[in-house]
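Participant: Sharing structure.txt below, compact mmCIF, N, CA and C atoms:
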```txt
# COMPACT_ATOMS: atom_id res chain seq x y z
N MET A 821 -43.60 18.01 14.91
CA MET A 821 -43.17 19.39 14.83
C MET A 821 -42.41 19.59 13.52
N GLN A 822 -42.75 20.64 12.81
CA GLN A 822 -42.10 20.99 11.55
C GLN A 822 -40.79 21.73 11.83
N LEU A 823 -39.87 21.70 10.86
CA LEU A 823 -38.57 22.35 11.02
C LEU A 823 -38.72 23.83 11.34
N HIS A 824 -39.64 24.51 10.66
CA HIS A 824 -39.81 25.94 10.91
C HIS A 824 -40.29 26.22 12.34
N GLN A 825 -40.88 25.22 12.99
CA GLN A 825 -41.29 25.36 14.39
C GLN A 825 -40.14 24.99 15.33
N ALA A 826 -39.32 24.04 14.91
CA ALA A 826 -38.23 23.56 15.76
C ALA A 826 -37.09 24.55 15.88
N VAL A 827 -36.81 25.28 14.83
CA VAL A 827 -35.68 26.19 14.83
C VAL A 827 -35.77 27.23 15.94
N PRO A 828 -36.90 27.97 16.09
CA PRO A 828 -36.96 28.93 17.18
C PRO A 828 -36.83 28.26 18.56
N LEU A 829 -37.35 27.07 18.70
CA LEU A 829 -37.25 26.34 19.96
C LEU A 829 -35.79 26.02 20.27
N VAL A 830 -35.07 25.50 19.29
CA VAL A 830 -33.66 25.16 19.48
C VAL A 830 -32.85 26.41 19.82
N GLU A 831 -33.07 27.47 19.07
CA GLU A 831 -32.34 28.72 19.32
C GLU A 831 -32.65 29.27 20.71
N ARG A 832 -33.90 29.22 21.11
CA ARG A 832 -34.30 29.74 22.42
C ARG A 832 -33.72 28.89 23.54
N GLN A 833 -33.78 27.57 23.38
CA GLN A 833 -33.23 26.71 24.43
C GLN A 833 -31.72 26.87 24.53
N HIS A 834 -31.06 27.08 23.41
CA HIS A 834 -29.64 27.37 23.44
C HIS A 834 -29.39 28.67 24.20
N ALA A 835 -30.20 29.68 23.94
CA ALA A 835 -30.05 30.96 24.64
C ALA A 835 -30.30 30.81 26.14
N VAL A 836 -31.27 30.00 26.52
CA VAL A 836 -31.56 29.77 27.95
C VAL A 836 -30.36 29.10 28.62
N ILE A 837 -29.82 28.06 27.99
CA ILE A 837 -28.67 27.37 28.58
C ILE A 837 -27.49 28.32 28.68
N GLU A 838 -27.24 29.10 27.65
CA GLU A 838 -26.12 30.06 27.67
C GLU A 838 -26.31 31.11 28.77
N GLU A 839 -27.52 31.62 28.91
CA GLU A 839 -27.79 32.62 29.95
C GLU A 839 -27.56 32.01 31.34
N LEU A 840 -28.02 30.79 31.54
CA LEU A 840 -27.80 30.13 32.83
C LEU A 840 -26.32 29.85 33.07
N ARG A 841 -25.61 29.46 32.02
CA ARG A 841 -24.18 29.18 32.13
C ARG A 841 -23.41 30.43 32.50
N ILE A 842 -23.74 31.52 31.84
CA ILE A 842 -23.04 32.78 32.08
C ILE A 842 -23.32 33.32 33.48
N SER A 843 -24.56 33.18 33.94
CA SER A 843 -24.93 33.73 35.24
C SER A 843 -24.55 32.83 36.41
N ALA A 844 -24.16 31.57 36.13
CA ALA A 844 -23.79 30.64 37.21
C ALA A 844 -22.60 31.18 38.00
N PRO A 845 -22.57 31.02 39.29
CA PRO A 845 -23.46 30.20 40.11
C PRO A 845 -24.71 30.95 40.61
N ARG A 846 -24.92 32.17 40.14
CA ARG A 846 -26.11 32.90 40.57
C ARG A 846 -27.37 32.30 39.96
N VAL A 847 -28.47 32.53 40.64
CA VAL A 847 -29.78 32.08 40.16
C VAL A 847 -30.29 33.10 39.15
N CYS A 848 -30.96 32.62 38.12
CA CYS A 848 -31.54 33.48 37.09
C CYS A 848 -33.05 33.27 37.10
N THR A 849 -33.80 34.34 37.19
CA THR A 849 -35.26 34.21 37.27
C THR A 849 -35.87 33.90 35.90
N ALA A 850 -37.06 33.34 35.93
CA ALA A 850 -37.79 33.05 34.69
C ALA A 850 -38.09 34.36 33.96
N LEU A 851 -38.36 35.41 34.71
CA LEU A 851 -38.63 36.71 34.09
C LEU A 851 -37.42 37.20 33.31
N ARG A 852 -36.24 37.09 33.90
CA ARG A 852 -35.02 37.53 33.20
C ARG A 852 -34.81 36.69 31.95
N LEU A 853 -34.99 35.38 32.06
CA LEU A 853 -34.83 34.51 30.89
C LEU A 853 -35.84 34.86 29.80
N ALA A 854 -37.07 35.17 30.22
CA ALA A 854 -38.11 35.54 29.26
C ALA A 854 -37.74 36.84 28.55
N GLU A 855 -37.24 37.81 29.30
CA GLU A 855 -36.84 39.08 28.70
C GLU A 855 -35.68 38.89 27.73
N ARG A 856 -34.73 38.04 28.09
CA ARG A 856 -33.55 37.81 27.26
C ARG A 856 -33.89 37.05 25.98
N THR A 857 -34.92 36.22 26.04
CA THR A 857 -35.28 35.40 24.86
C THR A 857 -36.48 35.93 24.11
N GLY A 858 -37.16 36.93 24.66
CA GLY A 858 -38.29 37.55 23.97
C GLY A 858 -39.56 36.73 23.96
N VAL A 859 -39.75 35.92 24.99
CA VAL A 859 -40.96 35.10 25.09
C VAL A 859 -41.57 35.29 26.47
N SER A 860 -42.68 34.62 26.71
CA SER A 860 -43.36 34.73 28.01
C SER A 860 -42.64 33.88 29.07
N VAL A 861 -42.94 34.19 30.32
CA VAL A 861 -42.41 33.40 31.44
C VAL A 861 -42.88 31.96 31.31
N ARG A 862 -44.13 31.75 30.91
CA ARG A 862 -44.65 30.39 30.77
C ARG A 862 -43.89 29.61 29.70
N THR A 863 -43.52 30.27 28.60
CA THR A 863 -42.74 29.60 27.56
C THR A 863 -41.37 29.20 28.09
N VAL A 864 -40.75 30.07 28.87
CA VAL A 864 -39.46 29.75 29.49
C VAL A 864 -39.61 28.54 30.41
N GLU A 865 -40.68 28.52 31.19
CA GLU A 865 -40.91 27.39 32.10
C GLU A 865 -41.07 26.08 31.32
N ARG A 866 -41.76 26.13 30.18
CA ARG A 866 -41.91 24.93 29.35
C ARG A 866 -40.56 24.52 28.76
N ASP A 867 -39.78 25.51 28.34
CA ASP A 867 -38.44 25.20 27.82
C ASP A 867 -37.56 24.56 28.89
N ILE A 868 -37.62 25.09 30.10
CA ILE A 868 -36.85 24.51 31.22
C ILE A 868 -37.30 23.07 31.46
N ASP A 869 -38.60 22.84 31.42
CA ASP A 869 -39.12 21.47 31.60
C ASP A 869 -38.59 20.53 30.52
N ARG A 870 -38.56 20.99 29.26
CA ARG A 870 -38.03 20.17 28.16
C ARG A 870 -36.55 19.88 28.37
N LEU A 871 -35.81 20.90 28.75
CA LEU A 871 -34.37 20.73 28.94
C LEU A 871 -34.06 19.78 30.09
N THR A 872 -34.77 19.93 31.21
CA THR A 872 -34.52 19.03 32.34
C THR A 872 -34.95 17.61 31.99
N ALA A 873 -36.03 17.46 31.23
CA ALA A 873 -36.45 16.12 30.79
C ALA A 873 -35.40 15.48 29.89
N ALA A 874 -34.65 16.30 29.16
CA ALA A 874 -33.59 15.80 28.30
C ALA A 874 -32.31 15.52 29.07
N GLY A 875 -32.29 15.88 30.36
CA GLY A 875 -31.12 15.60 31.19
C GLY A 875 -30.22 16.78 31.46
N VAL A 876 -30.58 17.98 30.98
CA VAL A 876 -29.76 19.15 31.27
C VAL A 876 -29.87 19.45 32.77
N PRO A 877 -28.73 19.59 33.46
CA PRO A 877 -28.76 19.75 34.92
C PRO A 877 -29.15 21.17 35.37
N ILE A 878 -30.42 21.45 35.30
CA ILE A 878 -30.94 22.75 35.73
C ILE A 878 -31.64 22.55 37.06
N VAL A 879 -31.23 23.35 38.03
CA VAL A 879 -31.82 23.29 39.37
C VAL A 879 -32.84 24.40 39.50
N ARG A 880 -34.00 24.08 40.04
CA ARG A 880 -35.06 25.05 40.25
C ARG A 880 -35.06 25.44 41.72
N ARG A 881 -34.83 26.71 42.01
CA ARG A 881 -34.86 27.22 43.38
C ARG A 881 -36.19 27.93 43.60
N ARG A 882 -36.89 27.55 44.62
CA ARG A 882 -38.20 28.13 44.91
C ARG A 882 -38.05 29.25 45.94
N GLY A 883 -39.08 30.06 46.04
CA GLY A 883 -39.10 31.11 47.06
C GLY A 883 -38.82 32.48 46.51
N ARG A 884 -38.73 33.42 47.43
CA ARG A 884 -38.58 34.83 47.08
C ARG A 884 -37.36 35.10 46.19
N TYR A 885 -36.27 34.45 46.47
CA TYR A 885 -35.04 34.65 45.69
C TYR A 885 -34.79 33.47 44.75
N GLY A 886 -35.87 32.85 44.33
CA GLY A 886 -35.78 31.66 43.50
C GLY A 886 -35.50 31.95 42.04
N GLY A 887 -35.37 30.89 41.32
CA GLY A 887 -35.11 30.97 39.90
C GLY A 887 -34.47 29.68 39.44
N TYR A 888 -33.66 29.77 38.41
CA TYR A 888 -33.03 28.60 37.83
C TYR A 888 -31.52 28.76 37.87
N GLN A 889 -30.88 27.61 37.97
CA GLN A 889 -29.42 27.60 38.06
C GLN A 889 -28.91 26.38 37.30
N LEU A 890 -27.89 26.58 36.50
CA LEU A 890 -27.29 25.47 35.79
C LEU A 890 -26.27 24.81 36.71
N ASP A 891 -26.47 23.54 36.98
CA ASP A 891 -25.59 22.79 37.86
C ASP A 891 -24.53 22.10 37.01
N ALA A 892 -23.64 22.90 36.46
CA ALA A 892 -22.62 22.35 35.57
C ALA A 892 -21.30 23.09 35.78
N ARG A 893 -20.26 22.50 35.29
CA ARG A 893 -18.92 23.09 35.41
C ARG A 893 -18.77 24.27 34.46
N HIS A 894 -17.99 25.27 34.89
CA HIS A 894 -17.68 26.39 33.99
C HIS A 894 -16.74 25.94 32.88
N ASP A 895 -15.87 25.01 33.22
CA ASP A 895 -14.88 24.52 32.28
C ASP A 895 -15.13 23.03 32.08
N PRO A 896 -15.96 22.66 31.10
CA PRO A 896 -16.34 21.26 30.95
C PRO A 896 -15.14 20.36 30.65
N LYS A 897 -15.25 19.13 31.09
CA LYS A 897 -14.23 18.13 30.79
C LYS A 897 -14.28 17.78 29.31
N PRO A 898 -13.12 17.46 28.73
CA PRO A 898 -13.14 16.99 27.34
C PRO A 898 -13.92 15.67 27.25
N ILE A 899 -14.60 15.48 26.15
CA ILE A 899 -15.35 14.23 25.98
C ILE A 899 -14.88 13.52 24.72
N ARG A 900 -15.06 12.23 24.72
CA ARG A 900 -14.74 11.42 23.54
C ARG A 900 -16.06 10.89 22.99
N LEU A 901 -16.23 11.08 21.71
CA LEU A 901 -17.43 10.58 21.05
C LEU A 901 -17.02 9.56 20.00
N GLY A 902 -17.82 8.55 19.83
CA GLY A 902 -17.59 7.59 18.77
C GLY A 902 -18.03 8.17 17.44
N ALA A 903 -17.57 7.53 16.35
CA ALA A 903 -17.91 8.02 15.01
C ALA A 903 -19.42 8.05 14.79
N GLY A 904 -20.13 7.06 15.30
CA GLY A 904 -21.59 7.04 15.16
C GLY A 904 -22.25 8.18 15.91
N GLU A 905 -21.73 8.47 17.09
CA GLU A 905 -22.27 9.59 17.88
C GLU A 905 -22.02 10.92 17.18
N ILE A 906 -20.82 11.08 16.63
CA ILE A 906 -20.50 12.31 15.90
C ILE A 906 -21.42 12.44 14.69
N ALA A 907 -21.59 11.37 13.95
CA ALA A 907 -22.46 11.40 12.76
C ALA A 907 -23.89 11.76 13.14
N SER A 908 -24.36 11.24 14.26
CA SER A 908 -25.71 11.53 14.72
C SER A 908 -25.88 13.02 15.05
N ILE A 909 -24.91 13.58 15.72
CA ILE A 909 -24.97 15.01 16.07
C ILE A 909 -24.88 15.87 14.81
N ILE A 910 -24.00 15.48 13.89
CA ILE A 910 -23.88 16.21 12.62
C ILE A 910 -25.22 16.21 11.89
N ALA A 911 -25.86 15.06 11.83
CA ALA A 911 -27.16 14.97 11.15
C ALA A 911 -28.19 15.87 11.81
N ALA A 912 -28.21 15.87 13.15
CA ALA A 912 -29.18 16.70 13.87
C ALA A 912 -28.92 18.19 13.62
N LEU A 913 -27.66 18.58 13.70
CA LEU A 913 -27.32 20.00 13.50
C LEU A 913 -27.53 20.43 12.05
N SER A 914 -27.16 19.58 11.11
CA SER A 914 -27.30 19.97 9.70
C SER A 914 -28.76 20.02 9.27
N SER A 915 -29.64 19.33 9.98
CA SER A 915 -31.06 19.38 9.64
C SER A 915 -31.64 20.78 9.88
N LEU A 916 -30.95 21.57 10.70
CA LEU A 916 -31.40 22.94 10.93
C LEU A 916 -31.01 23.86 9.79
N GLY A 917 -30.11 23.38 8.95
CA GLY A 917 -29.72 24.13 7.76
C GLY A 917 -29.23 25.53 8.07
N PRO A 918 -29.76 26.50 7.35
CA PRO A 918 -29.29 27.87 7.51
C PRO A 918 -29.79 28.55 8.79
N TYR A 919 -30.53 27.83 9.60
CA TYR A 919 -31.14 28.43 10.78
C TYR A 919 -30.28 28.27 12.03
N THR A 920 -29.01 28.03 11.87
CA THR A 920 -28.15 27.80 13.02
C THR A 920 -27.47 29.09 13.46
N THR A 921 -26.96 29.05 14.67
CA THR A 921 -26.22 30.19 15.21
C THR A 921 -24.74 30.02 14.87
N ALA A 922 -23.96 31.06 15.09
CA ALA A 922 -22.52 31.00 14.84
C ALA A 922 -21.87 29.93 15.72
N THR A 923 -22.34 29.80 16.95
CA THR A 923 -21.80 28.78 17.85
C THR A 923 -22.09 27.38 17.31
N THR A 924 -23.28 27.18 16.79
CA THR A 924 -23.64 25.89 16.21
C THR A 924 -22.78 25.60 14.99
N ASP A 925 -22.53 26.62 14.18
CA ASP A 925 -21.70 26.44 12.99
C ASP A 925 -20.29 26.01 13.36
N THR A 926 -19.69 26.62 14.38
CA THR A 926 -18.32 26.24 14.77
C THR A 926 -18.31 24.83 15.37
N ALA A 927 -19.34 24.50 16.16
CA ALA A 927 -19.41 23.15 16.72
C ALA A 927 -19.55 22.12 15.60
N LEU A 928 -20.38 22.42 14.62
CA LEU A 928 -20.57 21.51 13.49
C LEU A 928 -19.26 21.33 12.73
N ALA A 929 -18.54 22.40 12.50
CA ALA A 929 -17.26 22.31 11.79
C ALA A 929 -16.26 21.44 12.56
N LYS A 930 -16.23 21.59 13.88
CA LYS A 930 -15.33 20.77 14.70
C LYS A 930 -15.71 19.30 14.64
N LEU A 931 -17.01 19.02 14.66
CA LEU A 931 -17.45 17.64 14.59
C LEU A 931 -17.12 17.00 13.24
N ILE A 932 -17.33 17.76 12.17
CA ILE A 932 -16.99 17.24 10.85
C ILE A 932 -15.50 16.99 10.72
N ALA A 933 -14.69 17.92 11.24
CA ALA A 933 -13.23 17.74 11.23
C ALA A 933 -12.82 16.51 12.02
N ALA A 934 -13.45 16.30 13.18
CA ALA A 934 -13.12 15.14 14.00
C ALA A 934 -13.46 13.85 13.29
N LEU A 935 -14.50 13.87 12.48
CA LEU A 935 -14.94 12.67 11.77
C LEU A 935 -14.11 12.41 10.52
N THR A 936 -13.60 13.46 9.90
CA THR A 936 -12.92 13.31 8.61
C THR A 936 -11.40 13.40 8.67
N ASP A 937 -10.86 14.01 9.72
CA ASP A 937 -9.38 14.16 9.79
C ASP A 937 -8.72 12.91 10.32
```
Can you give me the file's structure in the form of structure tokens?
Facilitator:
Amino acid sequence: MQLHQAVPLVERQHAVIEELRISAPRVCTALRLAERTGVSVRTVERDIDRLTAAGVPIVRRRGRYGGYQLDARHDPKPIRLGAGEIASIIAALSSLGPYTTATTDTALAKLIAALTD
């Protein structure tokens, strides 16, 4: 996958996770996620599959009132990362270059500060 193809995917998956986080503990339908991200329901389903394969705790509820739900805390626990882990995340985020969101930019700045301060 080329960078120009990866950027929309990363941005969309970030939007899906954020939408699920904001709507938790309520279930969010694939249709709503598709409308919010501007893609088809099938694309959202593929994104959900990629995210769950990566370990993101998304629960799929079936049936009439089904949809997706993020099985995560509203207030995440602080985490400790090693210098190598921080460097790896910095490299991944910086590879997106100017195609990042404001949230990504602030996260990147915090990671760089943690590595250099």
Participant: Go through A:Asp925, A:Asp869, A:Glu838, A:Glu855 one by one, measure the shortest atom-to-atom distance of each to Ala892 in chain A using only C-alpha atoms, and give the residue with the smallest value.
Facilitator: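 Ranking A:Asp925, A:Asp869, A:Glu838, A:Glu855 by distance to Ala892 in chain A, first place goes to A:Glu838.
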Participant: Using only C-alpha atoms, which of the listed residues (A:Leu840, A:Val861, A:Ala911, A:Ala903) sits closest to Val879 in chain A?
Facilitator: A:Leu840
Participant: Hey, which of A:Ile909, A:Val830, A:Ala844, A:Ala835 ends up closest to Asp891 in chain A? Count all atoms listed in the file.
Facilitator: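 Checking each candidate against Asp891 in chain A, we get A:Ala844 as the closest.
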Participant: In Å to one decimal, how far is atom C of Val859 in chain A from atom N of Glu831 in chain A?
Facilitator: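 Computed distance, atom N of Glu831 in chain A to atom C of Val859 in chain A, equals 13.7 Å.
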Participant: Determine which residues of range 850-927 of chain A receive a DSSP assignment of helix (DSSP H, G or I), computed from the backbone, and state them as an MDAnalysis selection string.
Facilitator: chainID A and resid 850:857 861:873 903:914 917:919 922:927
Participant: As a PDB file with N, CA and C atoms, in the frame of the given file, which residues of chain A does DSSP assign to strand (DSSP E or B)?
Facilitator:
```
ATOM      1  N   CYS A 848     -30.960  32.620  38.120  1.00  0.00           N
ATOM      2  CA  CYS A 848     -31.540  33.480  37.090  1.00  0.00           C
ATOM      3  C   CYS A 848     -33.050  33.270  37.100  1.00  0.00           C
ATOM      4  N   ILE A 878     -30.420  21.450  35.300  1.00  0.00           N
ATOM      5  CA  ILE A 878     -30.940  22.750  35.730  1.00  0.00           C
ATOM      6  C   ILE A 878     -31.640  22.550  37.060  1.00  0.00           C
ATOM      7  N   VAL A 879     -31.230  23.350  38.030  1.00  0.00           N
ATOM      8  CA  VAL A 879     -31.820  23.290  39.370  1.00  0.00           C
ATOM      9  C   VAL A 879     -32.840  24.400  39.500  1.00  0.00           C
ATOM     10  N   ARG A 880     -34.000  24.080  40.040  1.00  0.00           N
ATOM     11  CA  ARG A 880     -35.060  25.050  40.250  1.00  0.00           C
ATOM     12  C   ARG A 880     -35.060  25.440  41.720  1.00  0.00           C
ATOM     13  N   ARG A 881     -34.830  26.710  42.010  1.00  0.00           N
ATOM     14  CA  ARG A 881     -34.860  27.220  43.380  1.00  0.00           C
ATOM     15  C   ARG A 881     -36.190  27.930  43.600  1.00  0.00           C
ATOM     16  N   GLY A 887     -35.370  30.890  41.320  1.00  0.00           N
ATOM     17  CA  GLY A 887     -35.110  30.970  39.900  1.00  0.00           C
ATOM     18  C   GLY A 887     -34.470  29.680  39.440  1.00  0.00           C
ATOM     19  N   TYR A 888     -33.660  29.770  38.410  1.00  0.00           N
ATOM     20  CA  TYR A 888     -33.030  28.600  37.830  1.00  0.00           C
ATOM     21  C   TYR A 888     -31.520  28.760  37.870  1.00  0.00           C
ATOM     22  N   GLN A 889     -30.880  27.610  37.970  1.00  0.00           N
ATOM     23  CA  GLN A 889     -29.420  27.600  38.060  1.00  0.00           C
ATOM     24  C   GLN A 889     -28.910  26.380  37.300  1.00  0.00           C
ATOM     25  N   LEU A 890     -27.890  26.580  36.500  1.00  0.00           N
ATOM     26  CA  LEU A 890     -27.290  25.470  35.790  1.00  0.00           C
ATOM     27  C   LEU A 890     -26.270  24.810  36.710  1.00  0.00           C
TER      28      LEU A 890
END
```
Participant: Grab the CA of Thr926 in chain A to CA of Leu829 in chain A distance for me, in Å with one decimal place.
Facilitator: 19.6 Å
Participant: Taking 5 positions as the minimum chain separation for residues in the same chain, which residues sit within 7 Å of Ala850 in chain A when counting all atoms listed in the file? Answer as a ChimeraX atom specification.
Facilitator: /A:855,860-861,864-865,886-888
Participant: Would you mind telling me which residue in A:Gly875, A:Arg846, A:Gln889, A:Ser914 lies nearest to Leu928 in chain A when using only N, CA and C atoms?
Facilitator: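 Among A:Gly875, A:Arg846, A:Gln889, A:Ser914, it is A:Ser914 that comes nearest to Leu928 in chain A.
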Participant: Would you work out the distance separating atom N of Thr924 in chain A from CA of Cys848 in chain A, expressed in Å to one decimal?
Facilitator: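 It comes out at 22.8 Å.
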Participant: Do a neighbour search on Ile868 in chain A at 8 Å with all atoms listed in the file, toss out local chain neighbours closer than 4 positions, and write the hits as a list in words.
Facilitator: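 Listed by chain and then number, they are Gln833, Val836, Arg862, Thr863, Val864, Thr872, Ala873, Ala874 and Ile878 of chain A.
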Participant: Considering only C-alpha atoms, can you say which of A:Lys930, A:Leu890, A:Ala907, A:Ala854 comes closest to Arg866 in chain A?
Facilitator: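 Closest residue, counting only C-alpha atoms: A:Ala854.
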Participant: Check the smallest atom-to-atom distance from each of A:Arg841, A:Arg870, A:Ile932, A:Arg832 to Arg893 in chain A using all atoms listed in the file, then report the winner.
Facilitator: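 Using all atoms listed in the file, Arg893 in chain A sits closest to A:Arg841.
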